[in-house]
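Structure file target.cif (mmCIF, C-alpha atoms) follows.
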```
data_query
loop_
_atom_site.group_PDB
_atom_site.id
_atom_site.type_symbol
_atom_site.label_atom_id
_atom_site.label_comp_id
_atom_site.auth_asym_id
_atom_site.auth_seq_id
_atom_site.Cartn_x
_atom_site.Cartn_y
_atom_site.Cartn_z
ATOM 1 C CA MET A 1 14.863 -0.213 15.600
ATOM 2 C CA LYS A 2 11.731 -1.242 13.730
ATOM 3 C CA ILE A 3 8.537 -1.199 15.774
ATOM 4 C CA ASN A 4 5.984 -3.943 15.114
ATOM 5 C CA LEU A 5 2.623 -2.288 14.438
ATOM 6 C CA VAL A 6 0.520 -5.478 14.421
ATOM 7 C CA GLY A 7 -2.343 -5.055 16.865
ATOM 8 C CA GLN A 8 -2.008 -1.278 16.990
ATOM 9 C CA ASP A 9 -4.341 1.338 15.545
ATOM 10 C CA ALA A 10 -3.460 2.294 11.998
ATOM 11 C CA PRO A 11 -2.192 5.861 11.805
ATOM 12 C CA GLN A 12 -4.740 8.226 10.266
ATOM 13 C CA PHE A 13 -3.557 10.559 7.518
ATOM 14 C CA LYS A 14 -4.538 12.852 4.680
ATOM 15 C CA LEU A 15 -2.583 12.893 1.416
ATOM 16 C CA GLU A 16 -3.196 14.073 -2.121
ATOM 17 C CA THR A 17 -4.185 11.459 -4.688
ATOM 18 C CA ASP A 18 -2.883 11.070 -8.211
ATOM 19 C CA THR A 19 -5.818 13.269 -9.304
ATOM 20 C CA GLY A 20 -4.988 16.036 -6.822
ATOM 21 C CA GLU A 21 -7.907 15.305 -4.495
ATOM 22 C CA VAL A 22 -7.362 14.949 -0.761
ATOM 23 C CA PHE A 23 -7.650 11.370 0.497
ATOM 24 C CA ASP A 24 -8.569 10.975 4.169
ATOM 25 C CA SER A 25 -7.700 7.519 5.481
ATOM 26 C CA SER A 26 -10.542 7.731 7.995
ATOM 27 C CA SER A 27 -12.942 7.404 5.041
ATOM 28 C CA LEU A 28 -12.079 3.686 5.039
ATOM 29 C CA ASN A 29 -12.744 3.126 8.750
ATOM 30 C CA GLY A 30 -15.217 0.289 9.149
ATOM 31 C CA THR A 31 -13.809 -1.594 6.150
ATOM 32 C CA TRP A 32 -10.946 -3.940 5.374
ATOM 33 C CA ARG A 33 -8.116 -2.274 3.480
ATOM 34 C CA VAL A 34 -4.567 -2.711 2.310
ATOM 35 C CA VAL A 35 -2.277 0.274 2.484
ATOM 36 C CA PHE A 36 0.887 -0.408 0.533
ATOM 37 C CA PHE A 37 4.034 1.645 0.151
ATOM 38 C CA TYR A 38 6.285 1.436 -2.871
ATOM 39 C CA SER A 39 9.721 2.980 -3.242
ATOM 40 C CA ARG A 40 10.266 4.187 -6.804
ATOM 41 C CA HIS A 41 8.117 4.839 -9.840
ATOM 42 C CA ASN A 42 10.591 3.401 -12.329
ATOM 43 C CA SER A 43 11.551 0.322 -10.335
ATOM 44 C CA PRO A 44 10.553 -2.961 -12.051
ATOM 45 C CA THR A 45 9.562 -4.447 -8.680
ATOM 46 C CA CYS A 46 7.328 -1.472 -7.832
ATOM 47 C CA LYS A 47 5.697 -1.624 -11.261
ATOM 48 C CA ARG A 48 5.080 -5.360 -10.874
ATOM 49 C CA GLY A 49 3.686 -4.839 -7.371
ATOM 50 C CA CYS A 50 1.195 -2.196 -8.510
ATOM 51 C CA LEU A 51 0.214 -4.293 -11.534
ATOM 52 C CA THR A 52 -0.299 -7.374 -9.356
ATOM 53 C CA PHE A 53 -2.601 -5.429 -7.037
ATOM 54 C CA LYS A 54 -4.416 -4.279 -10.204
ATOM 55 C CA GLU A 55 -4.695 -7.848 -11.552
ATOM 56 C CA GLN A 56 -6.113 -9.109 -8.262
ATOM 57 C CA HIS A 57 -8.302 -6.071 -7.565
ATOM 58 C CA ASP A 58 -11.562 -7.972 -8.166
ATOM 59 C CA LEU A 59 -10.564 -10.571 -5.558
ATOM 60 C CA PHE A 60 -9.797 -7.842 -3.035
ATOM 61 C CA GLN A 61 -13.138 -6.179 -3.762
ATOM 62 C CA SER A 62 -15.035 -9.460 -3.423
ATOM 63 C CA ALA A 63 -13.450 -9.822 0.031
ATOM 64 C CA GLY A 64 -14.652 -6.307 0.891
ATOM 65 C CA CYS A 65 -11.111 -4.934 0.908
ATOM 66 C CA SER A 66 -9.976 -1.601 -0.545
ATOM 67 C CA ILE A 67 -6.456 -0.911 -1.807
ATOM 68 C CA VAL A 68 -4.479 2.302 -1.427
ATOM 69 C CA GLY A 69 -0.943 2.787 -2.764
ATOM 70 C CA ILE A 70 1.462 5.368 -1.347
ATOM 71 C CA GLY A 71 4.666 6.419 -3.021
ATOM 72 C CA PRO A 72 7.308 9.088 -2.843
ATOM 73 C CA GLY A 73 7.142 12.008 -5.188
ATOM 74 C CA THR A 74 4.622 14.578 -6.255
ATOM 75 C CA VAL A 75 0.994 14.278 -7.306
ATOM 76 C CA GLU A 76 2.141 14.729 -10.911
ATOM 77 C CA GLU A 77 4.605 11.844 -10.580
ATOM 78 C CA GLN A 78 1.869 9.628 -9.114
ATOM 79 C CA ALA A 79 -0.462 10.527 -11.993
ATOM 80 C CA SER A 80 2.231 9.818 -14.600
ATOM 81 C CA PHE A 81 3.105 6.474 -12.988
ATOM 82 C CA LYS A 82 -0.552 5.472 -12.826
ATOM 83 C CA LEU A 83 -1.022 6.353 -16.496
ATOM 84 C CA GLU A 84 2.126 4.414 -17.426
ATOM 85 C CA LEU A 85 0.669 1.328 -15.730
ATOM 86 C CA GLY A 86 -2.520 1.522 -17.787
ATOM 87 C CA ASP A 87 -4.548 3.186 -15.065
ATOM 88 C CA LEU A 88 -5.117 1.493 -11.752
ATOM 89 C CA PRO A 89 -8.472 0.828 -10.042
ATOM 90 C CA PHE A 90 -7.188 2.301 -6.765
ATOM 91 C CA PRO A 91 -5.622 5.623 -5.781
ATOM 92 C CA LEU A 92 -1.915 6.335 -5.608
ATOM 93 C CA LEU A 93 -1.134 8.876 -2.922
ATOM 94 C CA ALA A 94 1.778 11.298 -2.895
ATOM 95 C CA ASP A 95 3.968 11.204 0.224
ATOM 96 C CA PRO A 96 6.954 13.294 -0.965
ATOM 97 C CA GLU A 97 8.273 13.991 2.536
ATOM 98 C CA ARG A 98 7.636 10.391 3.702
ATOM 99 C CA ILE A 99 5.523 11.682 6.587
ATOM 100 C CA VAL A 100 2.998 8.831 6.342
ATOM 101 C CA GLY A 101 5.750 6.319 5.578
ATOM 102 C CA MET A 102 7.422 7.296 8.844
ATOM 103 C CA MET A 103 4.083 7.041 10.709
ATOM 104 C CA TYR A 104 3.904 3.429 9.499
ATOM 105 C CA ASN A 105 7.595 2.805 10.308
ATOM 106 C CA VAL A 106 8.441 2.008 6.683
ATOM 107 C CA PRO A 107 12.250 1.772 6.750
ATOM 108 C CA MET A 108 14.755 3.199 4.291
ATOM 109 C CA HIS A 109 16.916 0.639 2.446
ATOM 110 C CA LEU A 110 20.559 1.585 2.112
ATOM 111 C CA GLY A 111 19.538 4.976 3.459
ATOM 112 C CA GLN A 112 18.357 5.939 -0.029
ATOM 113 C CA PHE A 113 14.904 4.587 -0.829
ATOM 114 C CA PRO A 114 11.886 3.520 1.201
ATOM 115 C CA ALA A 115 11.114 -0.135 1.648
ATOM 116 C CA LYS A 116 8.144 -1.734 -0.047
ATOM 117 C CA SER A 117 5.729 -2.549 2.749
ATOM 118 C CA SER A 118 2.029 -3.369 3.025
ATOM 119 C CA PHE A 119 -0.415 -3.281 5.896
ATOM 120 C CA LEU A 120 -3.675 -5.224 6.167
ATOM 121 C CA ILE A 121 -6.000 -3.132 8.320
ATOM 122 C CA GLY A 122 -9.281 -4.356 9.780
ATOM 123 C CA PRO A 123 -12.630 -2.588 10.018
ATOM 124 C CA ASP A 124 -11.781 -1.626 13.620
ATOM 125 C CA ASN A 125 -8.713 0.254 12.289
ATOM 126 C CA THR A 126 -6.335 -2.321 13.807
ATOM 127 C CA ILE A 127 -3.289 -3.365 11.802
ATOM 128 C CA ARG A 128 -3.676 -7.131 11.410
ATOM 129 C CA TYR A 129 -0.625 -7.972 9.264
ATOM 130 C CA VAL A 130 2.536 -6.201 8.107
ATOM 131 C CA TYR A 131 4.337 -7.378 4.963
ATOM 132 C CA ASP A 132 7.666 -6.650 3.304
ATOM 133 C CA TRP A 133 7.711 -7.214 -0.441
ATOM 134 C CA LEU A 134 11.209 -6.218 -1.390
ATOM 135 C CA PHE A 135 11.628 -8.688 -4.271
ATOM 136 C CA ARG A 136 8.519 -10.872 -4.690
ATOM 137 C CA PRO A 137 5.421 -8.759 -5.377
ATOM 138 C CA ARG A 138 3.278 -11.586 -6.829
ATOM 139 C CA ARG A 139 3.803 -13.825 -3.801
ATOM 140 C CA HIS A 140 3.273 -10.817 -1.593
ATOM 141 C CA VAL A 141 -0.189 -10.074 -3.020
ATOM 142 C CA ALA A 142 -1.147 -13.769 -2.893
ATOM 143 C CA LYS A 143 -0.130 -13.881 0.791
ATOM 144 C CA ILE A 144 -2.313 -10.863 1.585
ATOM 145 C CA LEU A 145 -5.291 -12.434 -0.201
ATOM 146 C CA GLY A 146 -4.782 -15.636 1.799
ATOM 147 C CA ASP A 147 -4.623 -13.727 5.061
ATOM 148 C CA ILE A 148 -7.775 -11.738 4.184
ATOM 149 C CA SER A 149 -9.594 -15.020 3.672
ATOM 150 C CA THR A 150 -8.339 -16.236 7.052
ATOM 151 C CA VAL A 151 -9.321 -13.169 9.072
ATOM 152 C CA THR A 152 -12.673 -12.576 7.380
ATOM 153 C CA GLY A 153 -13.618 -16.245 7.394
ATOM 154 C CA GLY A 154 -14.247 -16.107 3.646
ATOM 155 C CA GLU A 155 -17.167 -13.682 4.096
#
```
The structure in this file should be written as structure tokens.
Amino acid sequence: MKINLVGQDAPQFKLETDTGEVFDSSSLNGTWRVVFFYSRHNSPTCKRGCLTFKEQHDLFQSAGCSIVGIGPGTVEEQASFKLELGDLPFPLLADPERIVGMMYNVPMHLGQFPAKSSFLIGPDNTIRYVYDWLFRPRRHVAKILGDISTVTGGE
């Protein structure tokens, strides 16, 4: 059974980034942020999703919103994937045991790979929106940008 996290506090976590540094999610408290989970480094949909977040990064920044990507695999795999995508202006975090994915109730599809899910989190650390982007990453990112505009009042 999937639990709806909207309105709940976002789980706090620490994971290694693609550069091997430790990322503490509490460092973003007090700010808008998107935490997104992707399922596989070599999946065309995951590549497109990361690239779409990259393409729209300036719009997210202008709305005062940070982006953090979390994927399965090691720090080295995150670094290689990031390099393959032409570098990304946001960190990719390694969650090889899916510990953070499970904290956010990101389901497994077909019991084999994690779903692609995103969470829009407010400055008060409350999850405002939860998104599934299984097959449409461009629409997914556009929807998040629209919702940011709605909740921030276009600040």
Hits of the PyMOL selection byres ((chain A and resi 16) around 10) in this structure, as a PyMOL selection string: chain A and resi 14-15+17-24+70+74-75+78+91-95
Kindly save the residues from that selection, with C-alpha atoms included, as a PDB file, in the frame of the given file.
```
ATOM      1  CA  LYS A  14      -4.538  12.852   4.680  1.00  0.00           C
ATOM      2  CA  LEU A  15      -2.583  12.893   1.416  1.00  0.00           C
ATOM      3  CA  THR A  17      -4.185  11.459  -4.688  1.00  0.00           C
ATOM      4  CA  ASP A  18      -2.883  11.070  -8.211  1.00  0.00           C
ATOM      5  CA  THR A  19      -5.818  13.269  -9.304  1.00  0.00           C
ATOM      6  CA  GLY A  20      -4.988  16.036  -6.822  1.00  0.00           C
ATOM      7  CA  GLU A  21      -7.907  15.305  -4.495  1.00  0.00           C
ATOM      8  CA  VAL A  22      -7.362  14.949  -0.761  1.00  0.00           C
ATOM      9  CA  PHE A  23      -7.650  11.370   0.497  1.00  0.00           C
ATOM     10  CA  ASP A  24      -8.569  10.975   4.169  1.00  0.00           C
ATOM     11  CA  ILE A  70       1.462   5.368  -1.347  1.00  0.00           C
ATOM     12  CA  THR A  74       4.622  14.578  -6.255  1.00  0.00           C
ATOM     13  CA  VAL A  75       0.994  14.278  -7.306  1.00  0.00           C
ATOM     14  CA  GLN A  78       1.869   9.628  -9.114  1.00  0.00           C
ATOM     15  CA  PRO A  91      -5.622   5.623  -5.781  1.00  0.00           C
ATOM     16  CA  LEU A  92      -1.915   6.335  -5.608  1.00  0.00           C
ATOM     17  CA  LEU A  93      -1.134   8.876  -2.922  1.00  0.00           C
ATOM     18  CA  ALA A  94       1.778  11.298  -2.895  1.00  0.00           C
ATOM     19  CA  ASP A  95       3.968  11.204   0.224  1.00  0.00           C
TER      20      ASP A  95
END
```
Output of the PyMOL selection byres ((chain A and resi 66) around 7), listed as a list in words: Trp32, Arg33, Val34, Phe60, Gln61, Gly64, Cys65, Ile67 and Val68 of chain A
Residues near range 115-127 of chain A, cut-off 9 Å, only C-alpha atoms, skip fewer than 4 positions along chain, as a PyMOL selection string: chain A and resi 5-11+26+28-39+46+69+104+106-109+131-135+140+144+147-148+151
For CA of Lys82 in chain A and CA of Ala142 in chain A, the interatomic separation in Å (one decimal):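 If I compute the distance from CA of Lys82 in chain A to CA of Ala142 in chain A, I get 21.7 Å.
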For CA of Glu97 in chain A and CA of Gly73 in chain A, the interatomic separation in Å (one decimal):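 These atoms are spaced 8.1 Å apart.
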One-decimal distance in Å that lies between CA of Gln12 in chain A and CA of Leu88 in chain A: 23.0 Å
Of the listed residues A:Arg98, A:Arg128, A:Arg48, A:His57, that which approaches Pro72 in chain A most closely, counting all atoms listed in the file: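 Among the listed residues, A:Arg98 lies closest to Pro72 in chain A.
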Proximity to Cys50 in chain A - best of A:Met103, A:Val130, A:Glu76, A:Val141, only C-alpha atoms: A:Val141
